[in-house]
Each structure stands twice: as structure tokens, then as C-alpha cells.
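Below is the file entry09.pdb, which contains PDB, C-alpha atoms.
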```pdb
ATOM      1  CA  MET A  25      42.018 -13.943 -42.521
ATOM      2  CA  GLU A  26      40.894 -15.044 -39.065
ATOM      3  CA  SER A  27      43.428 -17.128 -37.174
ATOM      4  CA  ASP A  28      42.761 -20.053 -34.834
ATOM      5  CA  LEU A  29      43.633 -17.746 -31.949
ATOM      6  CA  ASP A  30      40.961 -15.260 -33.051
ATOM      7  CA  ARG A  31      38.459 -18.089 -33.286
ATOM      8  CA  LEU A  32      39.387 -19.301 -29.795
ATOM      9  CA  ILE A  33      38.914 -15.783 -28.435
ATOM     10  CA  ARG A  34      35.467 -15.590 -30.046
ATOM     11  CA  LEU A  35      34.671 -19.069 -28.765
ATOM     12  CA  GLN A  36      35.520 -18.104 -25.215
ATOM     13  CA  GLN A  37      33.514 -14.891 -25.457
ATOM     14  CA  THR A  38      30.560 -16.962 -26.620
ATOM     15  CA  ASP A  39      31.068 -19.535 -23.853
ATOM     16  CA  THR A  40      31.267 -16.774 -21.259
ATOM     17  CA  PHE A  41      27.970 -15.361 -22.492
ATOM     18  CA  ILE A  42      26.399 -18.835 -22.455
ATOM     19  CA  ASP A  43      27.609 -19.496 -18.897
ATOM     20  CA  ASN A  44      26.299 -16.166 -17.638
ATOM     21  CA  ALA A  45      22.971 -16.501 -19.443
ATOM     22  CA  GLN A  46      22.434 -20.048 -18.182
ATOM     23  CA  ARG A  47      23.255 -18.925 -14.644
ATOM     24  CA  ARG A  48      20.757 -16.076 -14.856
ATOM     25  CA  VAL A  49      18.034 -18.343 -16.233
ATOM     26  CA  ALA A  50      18.761 -20.847 -13.451
ATOM     27  CA  ASP A  51      18.453 -18.040 -10.880
ATOM     28  CA  HIS A  52      15.017 -16.956 -12.108
ATOM     29  CA  PRO A  53      12.964 -19.663 -10.314
ATOM     30  CA  GLY A  54      14.603 -18.589  -7.050
ATOM     31  CA  LEU A  55      13.722 -14.962  -7.783
ATOM     32  CA  VAL A  56      10.103 -15.921  -8.459
ATOM     33  CA  GLU A  57      10.048 -17.960  -5.252
ATOM     34  CA  GLY A  58      11.322 -14.918  -3.391
ATOM     35  CA  LEU A  59       8.472 -12.871  -4.855
ATOM     36  CA  ASP A  60       6.007 -15.553  -3.756
ATOM     37  CA  ASP A  61       7.455 -15.426  -0.241
ATOM     38  CA  ARG A  62       7.180 -11.636  -0.215
ATOM     39  CA  LEU A  63       3.532 -11.782  -1.274
ATOM     40  CA  ALA A  64       2.777 -14.516   1.255
ATOM     41  CA  SER A  65       4.418 -12.475   4.010
ATOM     42  CA  ALA A  66       2.434  -9.341   3.130
ATOM     43  CA  THR A  67      -0.793 -11.355   2.939
ATOM     44  CA  ALA A  68      -0.059 -12.999   6.293
ATOM     45  CA  ALA A  69       0.537  -9.562   7.829
ATOM     46  CA  VAL A  70      -2.919  -8.435   6.687
ATOM     47  CA  ASP A  71      -4.510 -11.634   8.021
ATOM     48  CA  THR A  72      -2.764 -11.165  11.369
ATOM     49  CA  ALA A  73      -3.884  -7.538  11.546
ATOM     50  CA  LYS A  74      -7.488  -8.524  10.811
ATOM     51  CA  THR A  75      -7.350 -11.268  13.444
ATOM     52  CA  ASN A  76      -6.045  -8.799  16.026
ATOM     53  CA  VAL A  77      -8.851  -6.361  15.217
ATOM     54  CA  ALA A  78     -11.460  -9.127  15.487
ATOM     55  CA  GLU A  79     -10.019 -10.329  18.812
ATOM     56  CA  ASN A  80     -10.071  -6.770  20.144
ATOM     57  CA  GLN A  81     -13.719  -6.368  19.139
ATOM     58  CA  ALA A  82     -14.656  -9.704  20.739
ATOM     59  CA  ALA A  83     -12.844  -8.815  23.958
ATOM     60  CA  ARG A  84     -14.548  -5.419  24.034
ATOM     61  CA  ARG A  85     -17.981  -7.023  23.586
ATOM     62  CA  ILE A  86     -17.312  -9.304  26.556
ATOM     63  CA  VAL A  87     -16.372  -6.321  28.736
ATOM     64  CA  GLU A  88     -19.410  -4.373  27.505
ATOM     65  CA  LYS A  89     -21.627  -7.338  28.393
ATOM     66  CA  ASP A  90     -20.118  -7.498  31.881
ATOM     67  CA  LEU A  91     -20.565  -3.741  32.222
ATOM     68  CA  ALA A  92     -24.228  -3.982  31.243
ATOM     69  CA  MET A  93     -24.772  -6.649  33.873
ATOM     70  CA  ILE A  94     -23.096  -4.572  36.597
ATOM     71  CA  GLN A  95     -25.002  -1.447  35.539
ATOM     72  CA  ALA A  96     -28.286  -3.375  35.730
ATOM     73  CA  ARG A  97     -27.355  -4.616  39.180
ATOM     74  CA  LEU A  98     -26.413  -1.069  40.215
ATOM     75  CA  SER A  99     -29.788   0.261  39.042
ATOM     76  CA  LYS A 100     -31.503  -2.462  41.010
ATOM     77  CA  PHE A 101     -29.526  -1.569  44.140
ATOM     78  CA  LYS A 102     -30.485   2.086  43.767
ATOM     79  CA  GLU A 103     -34.148   1.167  43.438
ATOM     80  CA  GLN A 104     -33.941  -1.089  46.491
ATOM     81  CA  LEU A 105     -32.232   1.693  48.438
ATOM     82  CA  MET A 106     -35.423   3.707  48.333
ATOM     83  CA  GLY A 107     -37.325   0.915  50.069
ATOM     84  CA  VAL A 108     -34.985  -0.014  52.972
ATOM     85  CA  LYS A 109     -36.379   0.557  56.474
ATOM     86  CA  THR A 110     -33.373   0.263  58.787
ATOM     87  CA  ASN A 111     -30.014   1.967  58.977
ATOM     88  CA  LYS A 112     -28.305  -1.412  58.811
ATOM     89  CA  GLU A 113     -30.041  -2.296  55.561
ATOM     90  CA  TYR A 114     -29.324   1.204  54.231
ATOM     91  CA  THR A 115     -25.607   0.899  55.080
ATOM     92  CA  ALA A 116     -25.401  -2.574  53.499
ATOM     93  CA  MET A 117     -27.102  -1.347  50.368
ATOM     94  CA  LEU A 118     -24.756   1.645  50.090
ATOM     95  CA  LYS A 119     -21.850  -0.774  50.319
ATOM     96  CA  GLU A 120     -23.282  -2.881  47.487
ATOM     97  CA  ILE A 121     -23.775   0.239  45.413
ATOM     98  CA  ASP A 122     -20.196   1.366  46.099
ATOM     99  CA  VAL A 123     -18.820  -2.027  45.055
ATOM    100  CA  ALA A 124     -20.905  -2.014  41.900
ATOM    101  CA  GLN A 125     -19.841   1.525  41.021
ATOM    102  CA  HIS A 126     -16.208   0.537  41.510
ATOM    103  CA  GLU A 127     -16.670  -2.413  39.164
ATOM    104  CA  VAL A 128     -18.355  -0.133  36.640
ATOM    105  CA  GLY A 129     -15.362   2.197  36.770
ATOM    106  CA  LEU A 130     -12.935  -0.676  36.197
ATOM    107  CA  LEU A 131     -14.928  -2.034  33.278
ATOM    108  CA  GLU A 132     -15.290   1.403  31.680
ATOM    109  CA  GLU A 133     -11.522   1.779  31.961
ATOM    110  CA  LYS A 134     -11.064  -1.570  30.236
ATOM    111  CA  ILE A 135     -13.422  -0.507  27.459
ATOM    112  CA  LEU A 136     -11.453   2.697  26.994
ATOM    113  CA  GLU A 137      -8.245   0.656  26.764
ATOM    114  CA  ARG A 138      -9.856  -1.595  24.163
ATOM    115  CA  MET A 139     -11.002   1.451  22.188
ATOM    116  CA  LEU A 140      -7.503   2.939  22.176
ATOM    117  CA  GLU A 141      -6.076  -0.442  21.217
ATOM    118  CA  ALA A 142      -8.683  -0.723  18.459
ATOM    119  CA  ASP A 143      -7.508   2.577  16.949
ATOM    120  CA  ASP A 144      -3.922   1.323  16.913
ATOM    121  CA  LEU A 145      -4.893  -2.068  15.462
ATOM    122  CA  ALA A 146      -7.067  -0.434  12.799
ATOM    123  CA  GLY A 147      -4.096   1.728  11.791
ATOM    124  CA  ARG A 148      -1.874  -1.329  11.562
ATOM    125  CA  GLN A 149      -4.427  -3.160   9.467
ATOM    126  CA  LYS A 150      -4.731  -0.200   7.120
ATOM    127  CA  ALA A 151      -0.946  -0.011   6.781
ATOM    128  CA  ALA A 152      -0.674  -3.766   6.162
ATOM    129  CA  GLU A 153      -3.381  -3.598   3.493
ATOM    130  CA  ALA A 154      -1.661  -0.647   1.810
ATOM    131  CA  LYS A 155       1.645  -2.512   1.803
ATOM    132  CA  LEU A 156      -0.009  -5.616   0.373
ATOM    133  CA  ALA A 157      -1.590  -3.573  -2.417
ATOM    134  CA  ALA A 158       1.743  -1.915  -3.208
ATOM    135  CA  ASP A 159       3.611  -5.226  -3.066
ATOM    136  CA  LYS A 160       1.108  -6.856  -5.405
ATOM    137  CA  GLY A 161       1.821  -4.177  -8.004
ATOM    138  CA  VAL A 162       5.580  -4.432  -7.645
ATOM    139  CA  ILE A 163       5.530  -8.230  -7.617
ATOM    140  CA  ALA A 164       3.327  -8.434 -10.704
ATOM    141  CA  SER A 165       5.655  -6.060 -12.544
ATOM    142  CA  GLU A 166       8.734  -7.966 -11.400
ATOM    143  CA  ARG A 167       7.201 -11.298 -12.419
ATOM    144  CA  GLN A 168       6.540  -9.917 -15.865
ATOM    145  CA  ARG A 169      10.092  -8.585 -16.127
ATOM    146  CA  ILE A 170      11.597 -11.914 -15.074
ATOM    147  CA  GLY A 171       9.380 -13.778 -17.522
ATOM    148  CA  GLN A 172      10.379 -11.497 -20.375
ATOM    149  CA  GLU A 173      14.045 -11.715 -19.415
ATOM    150  CA  THR A 174      13.871 -15.502 -19.256
ATOM    151  CA  GLU A 175      12.298 -15.650 -22.696
ATOM    152  CA  GLU A 176      14.886 -13.253 -24.133
ATOM    153  CA  LEU A 177      17.805 -15.080 -22.536
ATOM    154  CA  ARG A 178      16.595 -18.416 -23.868
ATOM    155  CA  ARG A 179      16.358 -16.961 -27.345
ATOM    156  CA  GLU A 180      19.851 -15.502 -27.054
ATOM    157  CA  LEU A 181      21.115 -18.804 -25.652
ATOM    158  CA  ASP A 182      19.802 -20.675 -28.679
ATOM    159  CA  GLU A 183      21.598 -18.197 -30.937
ATOM    160  CA  ALA A 184      24.809 -18.400 -28.884
ATOM    161  CA  LEU A 185      24.810 -22.196 -28.870
ATOM    162  CA  SER A 186      24.351 -22.204 -32.627
ATOM    163  CA  ARG A 187      27.132 -19.629 -32.986
ATOM    164  CA  ARG A 188      29.413 -21.698 -30.735
ATOM    165  CA  ALA A 189      28.868 -24.782 -32.879
ATOM    166  CA  GLN A 190      29.793 -22.795 -35.991
ATOM    167  CA  ILE A 191      32.959 -21.397 -34.406
ATOM    168  CA  ALA A 192      34.004 -24.780 -33.027
ATOM    169  CA  ALA A 193      33.527 -26.349 -36.463
ATOM    170  CA  GLU A 194      36.166 -23.963 -37.836
ATOM    171  CA  ILE A 195      38.777 -25.048 -35.270
ATOM    172  CA  SER A 196      40.714 -28.325 -35.388
ATOM    173  CA  PRO A 197      39.423 -31.069 -33.067
ATOM    174  CA  ALA A 198      42.808 -31.232 -31.312
ATOM    175  CA  LEU A 199      42.774 -27.519 -30.504
ATOM    176  CA  ILE A 200      39.128 -27.703 -29.400
ATOM    177  CA  GLY A 201      40.109 -30.585 -27.132
ATOM    178  CA  THR A 202      42.900 -28.517 -25.593
ATOM    179  CA  TYR A 203      40.549 -25.557 -25.124
ATOM    180  CA  ASP A 204      37.819 -27.663 -23.520
ATOM    181  CA  THR A 205      40.296 -29.390 -21.193
ATOM    182  CA  ILE A 206      41.726 -26.087 -19.967
ATOM    183  CA  ARG A 207      38.275 -24.565 -19.594
ATOM    184  CA  ALA A 208      37.042 -27.509 -17.570
ATOM    185  CA  LYS A 209      39.978 -27.175 -15.172
ATOM    186  CA  ARG A 210      40.550 -23.434 -15.122
ATOM    187  CA  GLY A 211      37.316 -21.753 -16.126
ATOM    188  CA  ALA A 212      38.815 -19.277 -18.586
ATOM    189  CA  ALA A 213      40.894 -21.029 -21.246
ATOM    190  CA  VAL A 214      42.072 -17.955 -23.183
ATOM    191  CA  VAL A 215      43.515 -14.969 -21.304
ATOM    192  CA  GLU A 216      45.312 -11.748 -22.135
ATOM    193  CA  LEU A 217      49.029 -11.192 -21.765
ATOM    194  CA  LYS A 218      49.369  -7.923 -19.842
ATOM    195  CA  ALA A 219      52.738  -6.214 -19.447
ATOM    196  CA  GLY A 220      54.369  -9.548 -20.135
ATOM    197  CA  TYR A 221      52.368 -11.375 -17.458
ATOM    198  CA  CYS A 222      49.614 -13.958 -17.748
ATOM    199  CA  SER A 223      46.535 -12.063 -16.560
ATOM    200  CA  ALA A 224      45.158 -15.217 -14.907
ATOM    201  CA  CYS A 225      48.045 -16.619 -12.866
ATOM    202  CA  HIS A 226      50.272 -13.476 -13.012
ATOM    203  CA  VAL A 227      53.371 -15.397 -14.028
ATOM    204  CA  ARG A 228      55.774 -13.598 -16.383
ATOM    205  CA  LEU A 229      56.210 -15.203 -19.789
ATOM    206  CA  ARG A 230      59.453 -15.324 -21.739
ATOM    207  CA  PRO A 231      59.920 -12.093 -23.743
ATOM    208  CA  GLN A 232      60.177 -13.799 -27.124
ATOM    209  CA  ILE A 233      56.698 -15.252 -26.676
ATOM    210  CA  ALA A 234      55.179 -11.749 -26.783
ATOM    211  CA  ASN A 235      56.770 -11.101 -30.162
ATOM    212  CA  GLU A 236      55.346 -14.374 -31.444
ATOM    213  CA  LEU A 237      51.909 -13.531 -30.066
ATOM    214  CA  LEU A 238      51.790 -10.285 -32.005
ATOM    215  CA  ARG A 239      51.776 -12.264 -35.260
ATOM    216  CA  ARG A 240      48.725 -14.245 -34.047
ATOM    217  CA  ASP A 241      49.662 -17.220 -36.203
ATOM    218  CA  ARG A 242      50.531 -19.640 -33.419
ATOM    219  CA  ILE A 243      48.965 -20.834 -30.195
ATOM    220  CA  PHE A 244      50.960 -20.301 -26.997
ATOM    221  CA  GLN A 245      50.102 -21.548 -23.544
ATOM    222  CA  CYS A 246      51.216 -20.096 -20.235
ATOM    223  CA  GLU A 247      53.968 -22.335 -18.892
ATOM    224  CA  SER A 248      52.499 -22.009 -15.400
ATOM    225  CA  CYS A 249      48.718 -22.407 -15.713
ATOM    226  CA  GLN A 250      48.581 -23.814 -19.269
ATOM    227  CA  ARG A 251      45.984 -21.269 -20.365
ATOM    228  CA  ILE A 252      46.157 -20.010 -23.933
ATOM    229  CA  VAL A 253      47.539 -16.464 -23.937
ATOM    230  CA  TYR A 254      47.080 -13.657 -26.436
ATOM    231  CA  ILE A 255      47.725  -9.958 -26.923
ATOM    232  CA  PRO A 256      44.609  -7.968 -27.911
ATOM    233  CA  GLN A 257      44.823  -6.331 -31.318
ATOM    234  CA  GLN A 258      45.104  -2.556 -31.120
ATOM    235  CA  PRO A 259      44.743   0.272 -33.643
ATOM    236  CA  ALA A 260      47.859   1.135 -35.597
ATOM    237  CA  GLY A 261      50.118   3.605 -33.822
ATOM    238  CA  GLU A 262      49.232   2.458 -30.308
ATOM    239  CA  ALA A 263      51.816   0.616 -28.264
ATOM    240  CA  GLY A 264      50.827  -2.904 -27.304
ATOM    241  CA  THR A 265      50.327  -3.304 -23.586
ATOM    242  CA  GLY A 266      51.085  -6.987 -23.774
ATOM    243  CA  THR A 267      54.729  -6.358 -24.751
ATOM    244  CA  SER A 268      55.269  -3.637 -22.151
ATOM    245  CA  GLY A 269      58.324  -4.397 -20.131
ATOM    246  CA  LEU A 270      59.620  -7.022 -22.611
ATOM    247  CA  ALA A 271      61.476  -4.932 -25.151
ATOM    248  CA  THR A 272      63.947  -3.772 -22.510
ATOM    249  CA  GLU A 273      64.900  -7.331 -21.747
ATOM    250  CA  ASP A 274      65.485  -8.112 -25.426
ATOM    251  CA  GLN A 275      67.847  -5.199 -25.791
TER     252      GLN A 275
END
```
Please rewrite the model in this file as C-alpha cells.
Amino acid sequence: MESDLDRLIRLQQTDTFIDNAQRRVADHPGLVEGLDDRLASATAAVDTAKTNVAENQAARRIVEKDLAMIQARLSKFKEQLMGVKTNKEYTAMLKEIDVAQHEVGLLEEKILERMLEADDLAGRQKAAEAKLAADKGVIASERQRIGQETEELRRELDEALSRRAQIAAEISPALIGTYDTIRAKRGAAVVELKAGYCSACHVRLRPQIANELLRRDRIFQCESCQRIVYIPQQPAGEAGTGTSGLATEDQ
């Protein structure tokens, strides 16, 4: 026949499951928010990469326009060179041509820089888009997993809460009150006695208490932390760990 102590142990096991399940369910919105942030970050990276590519193309078009203007001016200078009549005009025209050619060289260098930059930016955009695609797959899968886990946990919580009510109904109101009071203050209300010590506060209990606990027909509380203590039942033939170190004192 199940004792009150056995019922209290089952009650605490159920409460521990309920606490953990409720905590996990409460954590799920934060996990989903983290997934949203991850997706937003990956999307923003793609947008930034596209903007950088567009800005590079716009800047290159401006330089190409300037280059076309200088090249047109250079062609004009070369045509005019054929019609000059004096050495002074010829020298001045050569100077204009030299300046224009220098500007052409600078602008062509800028275009080359923009082209090299464009290759790098295109690579970054491609990488950002690949990461976004991969993240979308992972995030969708993770969202589904969290949703399924939430649904499963809620179902198990309903079962656990029903089971808790049934267990509590089998225990006297006074003992339930003691259990709930300890649990509210200490977290765990029922703890093992290990080698004669309370496993929660590590205070040694009087040796005779261990012998009483083996019968499992009474409720004992640790004199230090007030938690309910018990010795786990073990298969016949195995020495109880809870009484270890106590028998010597009794002798």
C-alpha cells in the first residue's frame, strides 16, 4: 500500500515536471523572437549588400560620364591641333591635350577601382543571399519544432496538472499544507537522505531517524532546513545508501 511519503515523492516529481515544462513553454516566445531577429539580420545584410552594389554602379556611371566628357574634349583638341598656325598655339594645344590625357588616365583608374570593388561587392551580396536562404530553411524548421514542442508540453502539462490534483487529493490537507509551505520557501520540499545527511542542506540527521525512514510509515523533516526527508527504496539485497555511516554510531 502506498504511504503518504510515497505520495509526497510522486507529488514532488510531478511538480518538478510542471515547473520545468512551464519554464520551457515560457521560454518559447523568446526563442521565436530570437529567430525573428536572426531572419531580420540576414535580410538586412542582403539589403545592405544590394545597396552597396547599387551605389558602386551609380558612382561608376558618374565617373564614366566624366570620362566621356574628357575624351570628347581630348578628341576636339586633337582635331584643333591639326589647324593651328603658330608654334605658340601648337604648344598651348599640346598642353591642353596633355592635361586631358592625364585626366583620362585618372578617371580610367577610378573606373578600374570601381570594377574591382564591384566584384567584391557582388561576392558579398551572393554570400549574404546564400546565408539568408540557408537561414530561412533553418528558421522555418526551428519554428516548426518549437511549435510542436509547445503543443506537446501543453498537453503534458494538462495531464500533469490533472495527475497532481489526483495525488494531492489522496494526501491529508495538513500534510499538503506543510509540503506547499516548504516548497514555497525552499523549492524542493522532499529530498533524499544520503549517507545520513540531508541532500539539500547537508546537515547530518540523528541515526535513529534513518531506521524510521526505512519503514516509510512516518513523515520526518530535516531539523535544519525543515524539508521532508526520505530514503529511496532499493531492491532486496542491496544496502541502503541513506543509512550508510549510521549503523556504526548505533553500535
Long-range neighbours of A:Leu217 as an MDAnalysis selection string, 6 Å cut-off, all atoms listed in the file, 4 positions minimum in chain:
chainID A and resid 221:223 253:255 266
For the provided coordinates, the residues matched by the PyMOL selection byres ((chain A and resi 173-186) around 12) should be stated as an mmCIF file with C-alpha atoms, keeping the file's coordinate frame.
```
data_model
loop_
_atom_site.group_PDB
_atom_site.id
_atom_site.type_symbol
_atom_site.label_atom_id
_atom_site.label_comp_id
_atom_site.auth_asym_id
_atom_site.auth_seq_id
_atom_site.Cartn_x
_atom_site.Cartn_y
_atom_site.Cartn_z
ATOM 1 C CA ARG A 34 35.467 -15.590 -30.046
ATOM 2 C CA LEU A 35 34.671 -19.069 -28.765
ATOM 3 C CA GLN A 36 35.520 -18.104 -25.215
ATOM 4 C CA GLN A 37 33.514 -14.891 -25.457
ATOM 5 C CA THR A 38 30.560 -16.962 -26.620
ATOM 6 C CA ASP A 39 31.068 -19.535 -23.853
ATOM 7 C CA THR A 40 31.267 -16.774 -21.259
ATOM 8 C CA PHE A 41 27.970 -15.361 -22.492
ATOM 9 C CA ILE A 42 26.399 -18.835 -22.455
ATOM 10 C CA ASP A 43 27.609 -19.496 -18.897
ATOM 11 C CA ASN A 44 26.299 -16.166 -17.638
ATOM 12 C CA ALA A 45 22.971 -16.501 -19.443
ATOM 13 C CA GLN A 46 22.434 -20.048 -18.182
ATOM 14 C CA ARG A 47 23.255 -18.925 -14.644
ATOM 15 C CA ARG A 48 20.757 -16.076 -14.856
ATOM 16 C CA VAL A 49 18.034 -18.343 -16.233
ATOM 17 C CA ALA A 50 18.761 -20.847 -13.451
ATOM 18 C CA ASP A 51 18.453 -18.040 -10.880
ATOM 19 C CA HIS A 52 15.017 -16.956 -12.108
ATOM 20 C CA PRO A 53 12.964 -19.663 -10.314
ATOM 21 C CA LEU A 55 13.722 -14.962 -7.783
ATOM 22 C CA VAL A 56 10.103 -15.921 -8.459
ATOM 23 C CA GLU A 166 8.734 -7.966 -11.400
ATOM 24 C CA ARG A 167 7.201 -11.298 -12.419
ATOM 25 C CA GLN A 168 6.540 -9.917 -15.865
ATOM 26 C CA ARG A 169 10.092 -8.585 -16.127
ATOM 27 C CA ILE A 170 11.597 -11.914 -15.074
ATOM 28 C CA GLY A 171 9.380 -13.778 -17.522
ATOM 29 C CA GLN A 172 10.379 -11.497 -20.375
ATOM 30 C CA ARG A 187 27.132 -19.629 -32.986
ATOM 31 C CA ARG A 188 29.413 -21.698 -30.735
ATOM 32 C CA ALA A 189 28.868 -24.782 -32.879
ATOM 33 C CA GLN A 190 29.793 -22.795 -35.991
ATOM 34 C CA ILE A 191 32.959 -21.397 -34.406
ATOM 35 C CA ALA A 192 34.004 -24.780 -33.027
ATOM 36 C CA ALA A 193 33.527 -26.349 -36.463
#
```
Counting all atoms listed in the file, which of A:Ile86, A:Ala73, A:Leu105, A:Met93 gets nearest to A:Gly147?
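Distance minimum relative to A:Gly147 lands on A:Ala73.
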Step by step, work through what the PyMOL selection byres ((chain A and resi 124) around 9) selects in the shown file, and finish by giving those residues as a ChimeraX atom specification.
/A:94-95,97-98,101,119-123,125-129
Would you kindly return, as number ranges by chain, each protein, DNA or RNA residue with an atom no farther than 12 Å from any atom of A:Thr205, considering only C-alpha atoms and excluding same-chain residues fewer than 5 positions away?
A: 198-200, 210-214, 250-252
Report, in Å to a single decimal, how far apart atom CA of A:Ile206 and atom CA of A:Ser27 are.
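About the pair atom CA of A:Ser27 and atom CA of A:Ile206: they are 19.5 Å apart.
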For atom CA of A:Ala151 and atom CA of A:Lys134, the interatomic separation in Å (one decimal)
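Interatomic distance here is 25.6 Å.
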At what distance in Å, to one decimal, does atom CA of A:Tyr203 lie from atom CA of A:Cys246?
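These atoms are spaced 12.9 Å apart.
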For stretch 150-164 of chain A of the structure just presented, write N, CA and C atoms to a file, as a PDB file, in the first residue's frame.
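The result, written out as result_38.pdb:
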```
ATOM      1  N   LYS A 150      26.205  37.906 -53.002  1.00  0.00           N
ATOM      2  CA  LYS A 150      25.908  36.498 -53.248  1.00  0.00           C
ATOM      3  C   LYS A 150      25.995  35.694 -51.953  1.00  0.00           C
ATOM      4  N   ALA A 151      27.017  35.980 -51.147  1.00  0.00           N
ATOM      5  CA  ALA A 151      27.182  35.270 -49.879  1.00  0.00           C
ATOM      6  C   ALA A 151      26.040  35.597 -48.920  1.00  0.00           C
ATOM      7  N   ALA A 152      25.645  36.870 -48.880  1.00  0.00           N
ATOM      8  CA  ALA A 152      24.551  37.288 -47.992  1.00  0.00           C
ATOM      9  C   ALA A 152      23.244  36.634 -48.414  1.00  0.00           C
ATOM     10  N   GLU A 153      23.019  36.539 -49.718  1.00  0.00           N
ATOM     11  CA  GLU A 153      21.788  35.907 -50.214  1.00  0.00           C
ATOM     12  C   GLU A 153      21.790  34.412 -49.917  1.00  0.00           C
ATOM     13  N   ALA A 154      22.958  33.781 -50.035  1.00  0.00           N
ATOM     14  CA  ALA A 154      23.051  32.348 -49.722  1.00  0.00           C
ATOM     15  C   ALA A 154      22.792  32.105 -48.237  1.00  0.00           C
ATOM     16  N   LYS A 155      23.337  32.971 -47.406  1.00  0.00           N
ATOM     17  CA  LYS A 155      23.124  32.840 -45.958  1.00  0.00           C
ATOM     18  C   LYS A 155      21.658  33.050 -45.616  1.00  0.00           C
ATOM     19  N   LEU A 156      21.030  34.033 -46.244  1.00  0.00           N
ATOM     20  CA  LEU A 156      19.613  34.287 -45.993  1.00  0.00           C
ATOM     21  C   LEU A 156      18.776  33.073 -46.378  1.00  0.00           C
ATOM     22  N   ALA A 157      19.076  32.487 -47.531  1.00  0.00           N
ATOM     23  CA  ALA A 157      18.329  31.307 -47.974  1.00  0.00           C
ATOM     24  C   ALA A 157      18.505  30.155 -46.994  1.00  0.00           C
ATOM     25  N   ALA A 158      19.748  29.956 -46.542  1.00  0.00           N
ATOM     26  CA  ALA A 158      20.019  28.878 -45.581  1.00  0.00           C
ATOM     27  C   ALA A 158      19.322  29.160 -44.253  1.00  0.00           C
ATOM     28  N   ASP A 159      19.408  30.406 -43.790  1.00  0.00           N
ATOM     29  CA  ASP A 159      18.780  30.772 -42.523  1.00  0.00           C
ATOM     30  C   ASP A 159      17.269  30.597 -42.579  1.00  0.00           C
ATOM     31  N   LYS A 160      16.675  30.941 -43.711  1.00  0.00           N
ATOM     32  CA  LYS A 160      15.223  30.782 -43.843  1.00  0.00           C
ATOM     33  C   LYS A 160      14.816  29.328 -43.642  1.00  0.00           C
ATOM     34  N   GLY A 161      15.605  28.408 -44.209  1.00  0.00           N
ATOM     35  CA  GLY A 161      15.308  26.989 -44.045  1.00  0.00           C
ATOM     36  C   GLY A 161      15.442  26.541 -42.611  1.00  0.00           C
ATOM     37  N   VAL A 162      16.545  26.948 -41.981  1.00  0.00           N
ATOM     38  CA  VAL A 162      16.789  26.558 -40.588  1.00  0.00           C
ATOM     39  C   VAL A 162      15.736  27.170 -39.669  1.00  0.00           C
ATOM     40  N   ILE A 163      15.427  28.432 -39.896  1.00  0.00           N
ATOM     41  CA  ILE A 163      14.466  29.135 -39.042  1.00  0.00           C
ATOM     42  C   ILE A 163      13.074  28.534 -39.182  1.00  0.00           C
ATOM     43  N   ALA A 164      12.683  28.212 -40.406  1.00  0.00           N
ATOM     44  CA  ALA A 164      11.368  27.592 -40.609  1.00  0.00           C
ATOM     45  C   ALA A 164      11.284  26.256 -39.883  1.00  0.00           C
TER      46      ALA A 164
END
```
